$ cat query-v7.cif   # mmCIF, C-alpha atoms
data_entry
loop_
_atom_site.group_PDB
_atom_site.id
_atom_site.type_symbol
_atom_site.label_atom_id
_atom_site.label_comp_id
_atom_site.auth_asym_id
_atom_site.auth_seq_id
_atom_site.Cartn_x
_atom_site.Cartn_y
_atom_site.Cartn_z
ATOM 1 C CA MET A 14 16.466 -19.732 -22.187
ATOM 2 C CA SER A 15 14.152 -16.768 -21.764
ATOM 3 C CA LYS A 16 15.575 -13.369 -20.956
ATOM 4 C CA ILE A 17 15.756 -12.405 -17.276
ATOM 5 C CA PRO A 18 13.791 -9.154 -16.861
ATOM 6 C CA SER A 19 15.763 -6.144 -15.667
ATOM 7 C CA ILE A 20 14.608 -3.506 -13.153
ATOM 8 C CA PHE A 21 15.891 0.001 -12.481
ATOM 9 C CA ILE A 22 14.972 1.451 -9.071
ATOM 10 C CA ASP A 23 14.992 5.212 -9.531
ATOM 11 C CA GLY A 24 15.577 6.496 -6.006
ATOM 12 C CA GLU A 25 17.066 3.307 -4.622
ATOM 13 C CA SER A 26 18.736 5.098 -1.685
ATOM 14 C CA GLY A 27 15.395 5.957 -0.024
ATOM 15 C CA THR A 28 13.619 3.747 2.501
ATOM 16 C CA THR A 29 11.329 2.017 -0.009
ATOM 17 C CA GLY A 30 14.033 1.712 -2.662
ATOM 18 C CA LEU A 31 16.470 0.106 -0.231
ATOM 19 C CA GLN A 32 13.811 -2.357 0.903
ATOM 20 C CA ILE A 33 12.928 -3.348 -2.669
ATOM 21 C CA ARG A 34 16.612 -3.856 -3.447
ATOM 22 C CA ALA A 35 17.063 -5.948 -0.306
ATOM 23 C CA ARG A 36 14.121 -8.161 -1.270
ATOM 24 C CA LEU A 37 15.094 -8.618 -4.921
ATOM 25 C CA GLY A 38 18.890 -8.320 -4.775
ATOM 26 C CA ASN A 39 19.491 -12.082 -4.756
ATOM 27 C CA HIS A 40 16.385 -13.138 -6.664
ATOM 28 C CA PRO A 41 17.413 -15.338 -9.615
ATOM 29 C CA GLY A 42 14.411 -14.290 -11.701
ATOM 30 C CA VAL A 43 15.262 -10.596 -12.044
ATOM 31 C CA ARG A 44 18.299 -8.409 -12.665
ATOM 32 C CA LEU A 45 18.645 -5.086 -10.842
ATOM 33 C CA VAL A 46 20.309 -2.239 -12.741
ATOM 34 C CA SER A 47 21.666 0.971 -11.231
ATOM 35 C CA ILE A 48 22.784 4.314 -12.629
ATOM 36 C CA ALA A 49 26.108 5.850 -11.653
ATOM 37 C CA GLU A 50 25.694 8.329 -8.809
ATOM 38 C CA GLU A 51 27.259 11.161 -10.798
ATOM 39 C CA ARG A 52 24.755 10.599 -13.631
ATOM 40 C CA ARG A 53 21.674 10.197 -11.450
ATOM 41 C CA LYS A 54 20.300 13.627 -12.395
ATOM 42 C CA ASP A 55 21.368 13.464 -16.058
ATOM 43 C CA PRO A 56 18.132 13.103 -18.113
ATOM 44 C CA ALA A 57 19.950 11.679 -21.139
ATOM 45 C CA ALA A 58 21.701 9.023 -19.071
ATOM 46 C CA LYS A 59 18.485 8.113 -17.313
ATOM 47 C CA ARG A 60 16.580 7.829 -20.579
ATOM 48 C CA ALA A 61 19.292 5.623 -22.064
ATOM 49 C CA LEU A 62 19.073 3.298 -19.103
ATOM 50 C CA MET A 63 15.283 3.256 -19.239
ATOM 51 C CA GLU A 64 15.434 2.118 -22.863
ATOM 52 C CA GLU A 65 17.445 -0.925 -21.787
ATOM 53 C CA VAL A 66 15.361 -2.217 -18.882
ATOM 54 C CA ASP A 67 11.993 -3.923 -18.625
ATOM 55 C CA ALA A 68 10.656 -2.019 -15.619
ATOM 56 C CA VAL A 69 11.410 1.146 -13.656
ATOM 57 C CA VAL A 70 10.345 1.616 -10.046
ATOM 58 C CA LEU A 71 9.850 5.270 -9.129
ATOM 59 C CA CYS A 72 10.888 5.786 -5.485
ATOM 60 C CA LEU A 73 10.893 9.537 -5.902
ATOM 61 C CA PRO A 74 9.035 12.623 -4.679
ATOM 62 C CA ASP A 75 5.838 13.247 -6.628
ATOM 63 C CA ALA A 76 7.397 15.890 -8.882
ATOM 64 C CA GLY A 77 10.276 13.603 -9.819
ATOM 65 C CA ALA A 78 7.937 10.698 -10.508
ATOM 66 C CA LYS A 79 5.889 12.862 -12.861
ATOM 67 C CA GLU A 80 9.036 13.929 -14.725
ATOM 68 C CA VAL A 81 10.150 10.339 -15.279
ATOM 69 C CA ALA A 82 6.636 9.283 -16.292
ATOM 70 C CA ALA A 83 6.578 12.108 -18.861
ATOM 71 C CA MET A 84 9.953 10.959 -20.176
ATOM 72 C CA ALA A 85 8.685 7.398 -20.542
ATOM 73 C CA ALA A 86 5.591 8.641 -22.395
ATOM 74 C CA GLN A 87 7.898 10.158 -25.032
ATOM 75 C CA MET A 88 9.724 6.861 -25.567
ATOM 76 C CA GLY A 89 6.871 5.071 -27.315
ATOM 77 C CA ASP A 90 7.456 1.349 -27.773
ATOM 78 C CA ARG A 91 10.875 1.654 -26.118
ATOM 79 C CA ALA A 92 9.352 2.669 -22.801
ATOM 80 C CA PRO A 93 9.691 0.253 -19.883
ATOM 81 C CA LYS A 94 6.860 -0.653 -17.570
ATOM 82 C CA LEU A 95 6.537 1.804 -14.693
ATOM 83 C CA LEU A 96 5.721 1.140 -11.054
ATOM 84 C CA ASP A 97 5.305 4.381 -9.134
ATOM 85 C CA ALA A 98 5.782 4.220 -5.358
ATOM 86 C CA SER A 99 4.973 7.929 -4.918
ATOM 87 C CA THR A 100 1.549 9.538 -4.496
ATOM 88 C CA ALA A 101 1.685 11.158 -7.933
ATOM 89 C CA HIS A 102 -0.448 8.750 -9.980
ATOM 90 C CA ARG A 103 -2.591 6.795 -7.526
ATOM 91 C CA VAL A 104 -5.888 8.294 -8.628
ATOM 92 C CA ASP A 105 -4.849 8.841 -12.262
ATOM 93 C CA PRO A 106 -7.206 6.799 -14.513
ATOM 94 C CA GLN A 107 -4.301 6.102 -16.874
ATOM 95 C CA TRP A 108 -2.558 4.119 -14.135
ATOM 96 C CA VAL A 109 -3.718 0.841 -12.578
ATOM 97 C CA PHE A 110 -3.876 0.864 -8.791
ATOM 98 C CA GLY A 111 -1.399 -1.671 -7.440
ATOM 99 C CA PHE A 112 -3.487 -3.523 -4.866
ATOM 100 C CA PRO A 113 -3.876 -6.978 -6.455
ATOM 101 C CA GLU A 114 -6.570 -8.030 -3.986
ATOM 102 C CA LEU A 115 -8.782 -4.988 -4.692
ATOM 103 C CA THR A 116 -11.435 -6.904 -6.660
ATOM 104 C CA PRO A 117 -11.639 -10.267 -8.427
ATOM 105 C CA GLY A 118 -9.509 -10.050 -11.569
ATOM 106 C CA HIS A 119 -7.553 -6.981 -10.466
ATOM 107 C CA ALA A 120 -4.266 -8.870 -10.311
ATOM 108 C CA GLU A 121 -4.698 -9.641 -14.007
ATOM 109 C CA ARG A 122 -5.179 -5.915 -14.690
ATOM 110 C CA ILE A 123 -1.877 -5.198 -12.974
ATOM 111 C CA ALA A 124 -0.147 -7.927 -14.950
ATOM 112 C CA ALA A 125 -1.276 -6.388 -18.227
ATOM 113 C CA ALA A 126 -0.650 -2.746 -17.286
ATOM 114 C CA PRO A 127 2.253 -0.621 -18.552
ATOM 115 C CA ARG A 128 1.836 1.793 -15.600
ATOM 116 C CA VAL A 129 0.990 0.782 -12.048
ATOM 117 C CA ALA A 130 0.704 3.013 -8.975
ATOM 118 C CA ASN A 131 1.795 1.342 -5.745
ATOM 119 C CA PRO A 132 -0.730 2.002 -2.946
ATOM 120 C CA GLY A 133 -0.062 4.039 0.160
ATOM 121 C CA CYS A 134 0.383 2.151 3.413
ATOM 122 C CA TYR A 135 -2.650 3.576 5.218
ATOM 123 C CA PRO A 136 -5.039 3.150 2.254
ATOM 124 C CA THR A 137 -3.944 -0.468 1.841
ATOM 125 C CA GLY A 138 -5.473 -1.302 5.212
ATOM 126 C CA GLY A 139 -8.504 0.956 4.870
ATOM 127 C CA ILE A 140 -9.411 -0.147 1.357
ATOM 128 C CA ALA A 141 -9.006 -3.819 2.242
ATOM 129 C CA LEU A 142 -11.542 -3.399 5.052
ATOM 130 C CA LEU A 143 -14.038 -1.135 3.305
ATOM 131 C CA ARG A 144 -14.212 -2.129 -0.364
ATOM 132 C CA PRO A 145 -15.713 -5.607 0.181
ATOM 133 C CA LEU A 146 -18.429 -4.150 2.441
ATOM 134 C CA VAL A 147 -19.310 -1.469 -0.110
ATOM 135 C CA ASP A 148 -19.373 -4.002 -2.955
ATOM 136 C CA ALA A 149 -21.618 -6.295 -0.907
ATOM 137 C CA GLY A 150 -24.078 -3.493 -0.139
ATOM 138 C CA VAL A 151 -23.409 -3.753 3.595
ATOM 139 C CA LEU A 152 -21.824 -0.295 3.770
ATOM 140 C CA PRO A 153 -23.501 2.463 1.711
ATOM 141 C CA PRO A 154 -21.027 4.435 -0.443
ATOM 142 C CA ASP A 155 -22.180 7.681 1.159
ATOM 143 C CA PHE A 156 -21.808 6.395 4.729
ATOM 144 C CA PRO A 157 -19.834 8.766 7.027
ATOM 145 C CA VAL A 158 -16.734 6.608 7.505
ATOM 146 C CA THR A 159 -13.963 7.315 10.009
ATOM 147 C CA VAL A 160 -10.558 5.694 9.573
ATOM 148 C CA ASN A 161 -8.016 5.842 12.395
ATOM 149 C CA ALA A 162 -4.463 4.584 12.012
ATOM 150 C CA VAL A 163 -1.097 4.377 13.734
ATOM 151 C CA SER A 164 2.195 3.730 11.957
ATOM 152 C CA GLY A 165 5.805 3.148 12.844
ATOM 153 C CA TYR A 166 7.922 6.220 12.249
ATOM 154 C CA THR A 167 9.703 4.823 9.173
ATOM 155 C CA GLY A 168 6.576 5.682 7.215
ATOM 156 C CA GLY A 169 7.315 9.387 7.677
ATOM 157 C CA GLY A 170 10.469 9.470 5.551
ATOM 158 C CA LYS A 171 14.013 10.547 6.312
ATOM 159 C CA ALA A 172 13.151 13.673 8.317
ATOM 160 C CA MET A 173 10.828 11.828 10.699
ATOM 161 C CA ILE A 174 13.223 8.905 11.035
ATOM 162 C CA ALA A 175 16.002 11.336 11.993
ATOM 163 C CA GLU A 176 13.733 13.010 14.555
ATOM 164 C CA PHE A 177 12.941 9.710 16.274
ATOM 165 C CA ASP A 178 16.530 8.460 16.058
ATOM 166 C CA ALA A 179 17.664 11.677 17.741
ATOM 167 C CA GLY A 180 15.103 11.216 20.503
ATOM 168 C CA THR A 181 13.476 14.591 19.868
ATOM 169 C CA ALA A 182 10.102 13.284 18.672
ATOM 170 C CA ALA A 183 7.156 12.800 21.005
ATOM 171 C CA PRO A 184 6.488 9.126 21.820
ATOM 172 C CA PHE A 185 3.096 9.328 20.111
ATOM 173 C CA PHE A 186 1.290 12.017 18.145
ATOM 174 C CA LEU A 187 -1.626 12.598 15.824
ATOM 175 C CA TYR A 188 -0.933 14.421 12.583
ATOM 176 C CA GLY A 189 -2.686 15.424 9.375
ATOM 177 C CA LEU A 190 -5.149 17.348 11.524
ATOM 178 C CA GLY A 191 -5.845 19.781 8.706
ATOM 179 C CA LEU A 192 -7.783 16.817 7.206
ATOM 180 C CA GLU A 193 -5.896 17.045 3.903
ATOM 181 C CA HIS A 194 -3.688 13.966 4.185
ATOM 182 C CA LYS A 195 -2.403 12.967 0.751
ATOM 183 C CA HIS A 196 -3.684 9.390 1.137
ATOM 184 C CA VAL A 197 -7.348 10.369 1.420
ATOM 185 C CA PRO A 198 -8.115 10.575 -2.346
ATOM 186 C CA GLU A 199 -7.019 6.984 -3.018
ATOM 187 C CA LEU A 200 -8.636 5.780 0.212
ATOM 188 C CA GLN A 201 -11.964 7.226 -0.920
ATOM 189 C CA LEU A 202 -11.745 6.263 -4.591
ATOM 190 C CA TYR A 203 -10.726 2.628 -4.223
ATOM 191 C CA SER A 204 -12.921 1.986 -1.202
ATOM 192 C CA GLY A 205 -15.850 2.906 -3.440
ATOM 193 C CA LEU A 206 -16.960 5.754 -1.171
ATOM 194 C CA THR A 207 -18.813 8.768 -2.517
ATOM 195 C CA ARG A 208 -18.433 10.698 0.754
ATOM 196 C CA ARG A 209 -14.935 11.797 1.776
ATOM 197 C CA PRO A 210 -13.851 9.656 4.761
ATOM 198 C CA LEU A 211 -12.569 11.250 7.949
ATOM 199 C CA PHE A 212 -8.978 10.033 8.289
ATOM 200 C CA VAL A 213 -6.879 10.519 11.447
ATOM 201 C CA PRO A 214 -3.324 9.110 11.242
ATOM 202 C CA SER A 215 -0.797 8.907 14.065
ATOM 203 C CA VAL A 216 2.786 7.839 14.690
ATOM 204 C CA GLY A 217 4.287 5.908 17.604
ATOM 205 C CA ARG A 218 7.822 5.369 18.814
ATOM 206 C CA PHE A 219 8.383 2.085 17.011
ATOM 207 C CA ALA A 220 10.188 1.760 13.699
ATOM 208 C CA GLN A 221 7.677 -0.153 11.624
ATOM 209 C CA GLY A 222 4.278 -1.783 11.791
ATOM 210 C CA MET A 223 0.772 -0.411 11.297
ATOM 211 C CA LEU A 224 -2.792 -0.680 12.550
ATOM 212 C CA VAL A 225 -5.704 0.788 10.577
ATOM 213 C CA SER A 226 -9.124 0.755 12.250
ATOM 214 C CA VAL A 227 -12.672 1.606 11.191
ATOM 215 C CA PRO A 228 -15.316 1.939 13.955
ATOM 216 C CA LEU A 229 -18.937 1.273 12.997
ATOM 217 C CA HIS A 230 -22.329 1.637 14.672
ATOM 218 C CA LEU A 231 -24.082 -1.404 13.236
ATOM 219 C CA ASP A 232 -27.598 -0.020 13.744
ATOM 220 C CA ALA A 233 -26.715 2.757 11.287
ATOM 221 C CA LEU A 234 -26.053 0.232 8.498
ATOM 222 C CA PRO A 235 -28.708 -1.217 6.176
ATOM 223 C CA GLY A 236 -30.022 -4.535 7.453
ATOM 224 C CA ARG A 237 -28.452 -3.976 10.878
ATOM 225 C CA PRO A 238 -25.696 -6.577 10.341
ATOM 226 C CA ALA A 239 -23.981 -8.425 13.187
ATOM 227 C CA PRO A 240 -20.179 -8.399 13.558
ATOM 228 C CA ALA A 241 -20.135 -11.959 12.212
ATOM 229 C CA ASP A 242 -21.852 -10.776 9.026
ATOM 230 C CA LEU A 243 -19.053 -8.273 8.379
ATOM 231 C CA GLU A 244 -16.409 -10.916 8.961
ATOM 232 C CA ALA A 245 -18.208 -13.274 6.582
ATOM 233 C CA VAL A 246 -18.102 -10.675 3.793
ATOM 234 C CA LEU A 247 -14.364 -10.180 4.305
ATOM 235 C CA ARG A 248 -13.710 -13.925 4.394
ATOM 236 C CA GLU A 249 -15.599 -14.471 1.159
ATOM 237 C CA ARG A 250 -13.725 -11.679 -0.646
ATOM 238 C CA TYR A 251 -10.242 -12.755 0.399
ATOM 239 C CA ALA A 252 -10.593 -16.527 0.317
ATOM 240 C CA GLY A 253 -7.464 -17.791 -1.420
ATOM 241 C CA SER A 254 -6.117 -14.293 -2.061
ATOM 242 C CA GLY A 255 -2.561 -15.079 -1.046
ATOM 243 C CA TRP A 256 -1.346 -12.164 1.071
ATOM 244 C CA VAL A 257 -4.581 -10.995 2.754
ATOM 245 C CA LYS A 258 -6.004 -13.132 5.510
ATOM 246 C CA VAL A 259 -9.019 -12.646 7.752
ATOM 247 C CA MET A 260 -8.235 -13.586 11.334
ATOM 248 C CA PRO A 261 -10.653 -14.358 14.173
ATOM 249 C CA ALA A 262 -10.873 -11.719 16.889
ATOM 250 C CA ASP A 263 -10.879 -14.484 19.547
ATOM 251 C CA GLY A 264 -11.943 -12.095 22.291
ATOM 252 C CA ALA A 265 -8.614 -10.264 22.227
ATOM 253 C CA GLN A 266 -8.484 -7.036 24.226
ATOM 254 C CA ARG A 267 -5.180 -5.841 22.753
ATOM 255 C CA LEU A 268 -3.619 -5.911 19.304
ATOM 256 C CA GLY A 269 -0.016 -4.911 18.678
ATOM 257 C CA ALA A 270 1.201 -3.216 15.521
ATOM 258 C CA GLU A 271 4.518 -5.000 14.964
ATOM 259 C CA GLU A 272 3.716 -8.717 14.833
ATOM 260 C CA VAL A 273 3.719 -9.048 11.018
ATOM 261 C CA ASN A 274 6.827 -6.906 10.459
ATOM 262 C CA GLY A 275 9.205 -8.285 7.873
ATOM 263 C CA SER A 276 6.411 -10.058 6.009
ATOM 264 C CA ASN A 277 3.995 -9.151 3.236
ATOM 265 C CA TRP A 278 0.919 -10.175 5.205
ATOM 266 C CA LEU A 279 -2.138 -7.995 5.588
ATOM 267 C CA GLU A 280 -4.276 -9.252 8.459
ATOM 268 C CA LEU A 281 -7.923 -8.233 8.863
ATOM 269 C CA ARG A 282 -10.065 -8.637 11.992
ATOM 270 C CA VAL A 283 -13.578 -7.722 13.082
ATOM 271 C CA PHE A 284 -13.912 -6.885 16.762
ATOM 272 C CA GLY A 285 -17.540 -6.484 17.772
ATOM 273 C CA HIS A 286 -20.179 -6.572 20.460
ATOM 274 C CA ALA A 287 -23.485 -7.916 19.153
ATOM 275 C CA ALA A 288 -25.533 -6.582 22.068
ATOM 276 C CA HIS A 289 -24.038 -3.089 21.907
ATOM 277 C CA ARG A 290 -24.408 -3.138 18.096
ATOM 278 C CA GLN A 291 -20.859 -1.908 17.604
ATOM 279 C CA ALA A 292 -17.842 -3.148 15.652
ATOM 280 C CA VAL A 293 -14.283 -2.099 14.954
ATOM 281 C CA LEU A 294 -12.624 -3.368 11.782
ATOM 282 C CA VAL A 295 -8.832 -3.592 12.069
ATOM 283 C CA ALA A 296 -6.094 -4.144 9.505
ATOM 284 C CA ARG A 297 -2.537 -4.955 10.573
ATOM 285 C CA LEU A 298 0.412 -4.756 8.199
ATOM 286 C CA ASP A 299 4.064 -3.823 7.967
ATOM 287 C CA ASN A 300 4.134 -0.269 6.615
ATOM 288 C CA LEU A 301 7.408 -1.140 4.852
ATOM 289 C CA GLY A 302 6.111 -4.524 3.669
ATOM 290 C CA LYS A 303 2.595 -4.815 2.259
ATOM 291 C CA GLY A 304 2.423 -1.046 2.809
ATOM 292 C CA ALA A 305 5.388 -0.244 0.530
ATOM 293 C CA SER A 306 8.242 -2.442 -0.703
ATOM 294 C CA GLY A 307 6.447 -5.765 -0.283
ATOM 295 C CA ALA A 308 3.547 -4.478 -2.365
ATOM 296 C CA ALA A 309 6.015 -3.182 -4.945
ATOM 297 C CA VAL A 310 7.721 -6.564 -5.245
ATOM 298 C CA GLN A 311 4.329 -8.287 -5.490
ATOM 299 C CA ASN A 312 3.317 -5.922 -8.292
ATOM 300 C CA LEU A 313 6.630 -6.311 -10.115
ATOM 301 C CA GLY A 314 6.149 -10.058 -10.073
ATOM 302 C CA LEU A 315 2.777 -9.663 -11.755
ATOM 303 C CA MET A 316 3.997 -7.074 -14.257
ATOM 304 C CA LEU A 317 7.052 -9.109 -15.305
ATOM 305 C CA GLY A 318 5.592 -12.601 -14.978
ATOM 306 C CA VAL A 319 8.100 -13.609 -12.297
ATOM 307 C CA ASP A 320 7.427 -15.725 -9.217
ATOM 308 C CA VAL A 321 8.527 -13.441 -6.367
ATOM 309 C CA ALA A 322 7.229 -15.503 -3.448
ATOM 310 C CA ALA A 323 10.771 -16.113 -2.180
ATOM 311 C CA ALA A 324 11.254 -12.328 -1.906
ATOM 312 C CA LEU A 325 8.112 -11.968 0.228
ATOM 313 C CA PRO A 326 8.878 -13.742 3.508
ATOM 314 C CA LEU A 327 6.060 -15.170 5.578
ATOM 315 C CA ALA A 328 7.497 -13.752 8.782
ATOM 316 C CA ALA A 329 10.319 -11.617 10.110
#

$ encode --input "query-v7.cif" --output "structure tokens"
Amino acid sequence: MSKIPSIFIDGESGTTGLQIRARLGNHPGVRLVSIAEERRKDPAAKRALMEEVDAVVLCLPDAGAKEVAAMAAQMGDRAPKLLDASTAHRVDPQWVFGFPELTPGHAERIAAAPRVANPGCYPTGGIALLRPLVDAGVLPPDFPVTVNAVSGYTGGGKAMIAEFDAGTAAPFFLYGLGLEHKHVPELQLYSGLTRRPLFVPSVGRFAQGMLVSVPLHLDALPGRPAPADLEAVLRERYAGSGWVKVMPADGAQRLGAEEVNGSNWLELRVFGHAAHRQAVLVARLDNLGKGASGAAVQNLGLMLGVDVAAALPLAA
């Protein structure tokens, strides 16, 4: 019988760590390992545990993730595989970006990688919409792209969750208005854009769920494509991809953010008006699912060669 791979979630008490543990806790194909609370900040104890496991998930602030990554680099052949859920390594060329559907063959890159950076929730939606259009030549890399998004408040971490739970937060607000949101570098890099996109995130009074939208004036694009042309590019890219599906707009006038919560689905839609020459591309996902812990579990399955489909429910 082959050995069951073991996983240490460093930072398992945070939102993402708890969700990963909940998804994998009863999975027969992996074994979760924890460190004693009193030894959590003991470097020697952590290194000893890292030498025993097959993979470590870093659910830590950026500084902590960099410290653990540096420790692993000193371990040589004894180092486990690393999956970093922080922002620390997402644009580092030594790390593979953990969006399996990024390009054909990218899932195989993740499977072979010793270090994988889990994507941010907002970039997951934006990249999924933009990268196929850039690759197809429909959207020039230097096009002035605007990405708007709204997330459930669980994406803001413990402080924001506490603010909403206490009822002191506004029901809806824009943020990141200094235009330096930490997700922009990965959004630009992996979308294939050479011009920095304008990104405006927001938060609503709902726990989880996310909508990411990209408005486009079609006459400003090469070849003056129709909305159906954009949808066709997306359908071709994600045909058979597993967790990304392109949905028909069906004339809908509203789209909620919470309908795929609890799942690992990433839904893409093209809303357009051919006569007005306008379109809005929309991605819907669970910010704690495909936007965080679901993506992490998907990546761990690839990295460890384990079928994790049972840990990625189709619906809430």

$ closest_residue --input "query-v7.cif" --among "A:Ser164, A:Asn312, A:Ser99, A:Asn274" --to "Gly111 (chain A)" --atoms "all atoms listed in the file"
A:Asn312

$ resolve_selection --input "query-v7.cif" --expression "the PyMOL selection byres ((chain A and resi 287-289) around 9)" --output "MDAnalysis selection string"
chainID A and resid 230:231 239:241 285:286 290:292

$ closest_residue --input "query-v7.cif" --among "A:Ala175, A:Ala324, A:Ile20, A:Ala162" --to "Arg297 (chain A)" --atoms "only C-alpha atoms"
A:Ala162

$ atom_distance --input "query-v7.cif" --atom1 "CA of Val257 (chain A)" --atom2 "CA of Pro326 (chain A)"
13.8 Å

$ residues_around --input "query-v7.cif" --residues "Leu325 (chain A)" --least-positions-apart "6" --cutoff "9 Å" --atoms "all atoms listed in the file" --output "PyMOL selection string"
chain A and resi 36+275-278+302+307+310-311

$ write_last_selection --input "query-v7.cif" --atoms "C-alpha atoms" --output "PDB file, in the coordinates of the input"
ATOM      1  CA  ARG A  36      14.121  -8.161  -1.270  1.00  0.00           C
ATOM      2  CA  GLY A 275       9.205  -8.285   7.873  1.00  0.00           C
ATOM      3  CA  SER A 276       6.411 -10.058   6.009  1.00  0.00           C
ATOM      4  CA  ASN A 277       3.995  -9.151   3.236  1.00  0.00           C
ATOM      5  CA  TRP A 278       0.919 -10.175   5.205  1.00  0.00           C
ATOM      6  CA  GLY A 302       6.111  -4.524   3.669  1.00  0.00           C
ATOM      7  CA  GLY A 307       6.447  -5.765  -0.283  1.00  0.00           C
ATOM      8  CA  VAL A 310       7.721  -6.564  -5.245  1.00  0.00           C
ATOM      9  CA  GLN A 311       4.329  -8.287  -5.490  1.00  0.00           C
TER      10      GLN A 311
END

$ residues_around --input "query-v7.cif" --residues "Ser215 (chain A)" --least-positions-apart "2" --cutoff "6 Å" --atoms "only C-alpha atoms" --output "ChimeraX atom specification"
/A:163,186-188

$ write_last_selection --input "query-v7.cif" --atoms "C-alpha atoms" --output "compact mmCIF listing (two decimals), in the coordinates of the input"
# COMPACT_ATOMS: atom_id res chain seq x y z
CA VAL A 163 -1.10 4.38 13.73
CA PHE A 186 1.29 12.02 18.14
CA LEU A 187 -1.63 12.60 15.82
CA TYR A 188 -0.93 14.42 12.58

$ resolve_selection --input "query-v7.cif" --expression "the PyMOL selection byres ((chain A and resi 75) around 9)" --output "list of chain:residue names"
A:Leu73, A:Pro74, A:Ala76, A:Gly77, A:Ala78, A:Lys79, A:Glu80, A:Ser99, A:Thr100, A:Ala101, A:His102

$ write_last_selection --input "query-v7.cif" --atoms "C-alpha atoms" --output "PDB file, keeping the file's coordinate frame"
ATOM      1  CA  LEU A  73      10.893   9.537  -5.902  1.00  0.00           C
ATOM      2  CA  PRO A  74       9.035  12.623  -4.679  1.00  0.00           C
ATOM      3  CA  ALA A  76       7.397  15.890  -8.882  1.00  0.00           C
ATOM      4  CA  GLY A  77      10.276  13.603  -9.819  1.00  0.00           C
ATOM      5  CA  ALA A  78       7.937  10.698 -10.508  1.00  0.00           C
ATOM      6  CA  LYS A  79       5.889  12.862 -12.861  1.00  0.00           C
ATOM      7  CA  GLU A  80       9.036  13.929 -14.725  1.00  0.00           C
ATOM      8  CA  SER A  99       4.973   7.929  -4.918  1.00  0.00           C
ATOM      9  CA  THR A 100       1.549   9.538  -4.496  1.00  0.00           C
ATOM     10  CA  ALA A 101       1.685  11.158  -7.933  1.00  0.00           C
ATOM     11  CA  HIS A 102      -0.448   8.750  -9.980  1.00  0.00           C
TER      12      HIS A 102
END

$ atom_distance --input "query-v7.cif" --atom1 "CA of Asp155 (chain A)" --atom2 "CA of Thr207 (chain A)"
5.1 Å

$ atom_distance --input "query-v7.cif" --atom1 "CA of Phe110 (chain A)" --atom2 "CA of Pro157 (chain A)"
23.8 Å

$ resolve_selection --input "query-v7.cif" --expression "the PyMOL selection byres ((chain A and resi 127) around 6)" --output "ChimeraX atom specification"
/A:94,126,128
